[in-house]
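Working notes, beginning with the structure itself.
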Amino acid sequence: QLQVVESGGGSAQPGGSLRLSCAASGFSLDNYAIGWFRQAPGKEREGVACISSVDAYTRYADSVQGRFTIAKDNAGDTAFLQMNDLKPEDSGVYYCAADLRYRQGWCPLRPTIAPWAYWGKGTLVTVSS
């Protein structure tokens, strides 16, 4: 069973930056599409960004477009979410998800419609002054 592990969460001030990482325990993420999702207290989980596995197609939620960047390292072993110009509303638990199916041209940001197979346990991001 593939296990996905997030790291890099923490606290930042508004306008600051954080970089989240996502790796698979015992496996390479090279053949997997990656999605980042977040959930704030009392709110539903929402899609933040995703990247397809073959052509590295990327997609972002409108709320983070231009501020966040999703990428994989050259070996494909680790995925990242670079978060710049953070806002208090970016706070929440961030989850990494992986799936073999989203190979090129598209990846889903609504897991209730198009599910992701493997999920991490999340890492907490807090943005406050």
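Letters for chains follow the order of the structure tokens (A, B, ...), residue numbers begin at 1 for each chain, and ligand numbers begin at 1 in the order shown.
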_So that I can check the secondary structure, give me every residue of chain A assigned strand (DSSP E or B) by backbone DSSP, as a ChimeraX atom specification._
/A:3-7,10-12,18-25,33-39,46-51,58-60,68-72,78-83,92-99,118-119,123-127
*Write out as a PyMOL selection string which residues come within 12 Å of region 94-96 of chain A when counting only C-alpha atoms, dropping same-chain ones fewer than 2 positions away.*
chain A and resi 3-10+18-24+29+32-41+45-51+70+78-81+83+90-92+98-99+109+111+116-126
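Here CA of Gly42 (chain A) and CA of Glu89 (chain A) stand 12.8 Å from one another.
Interatomic distance, CA of Asp77 (chain A) against CA of Asp30 (chain A): 5.7 Å.
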*Please, what distance in Å, to one decimal, runs between CA of Thr69 (chain A) and CA of Asn31 (chain A)?*
19.5 Å
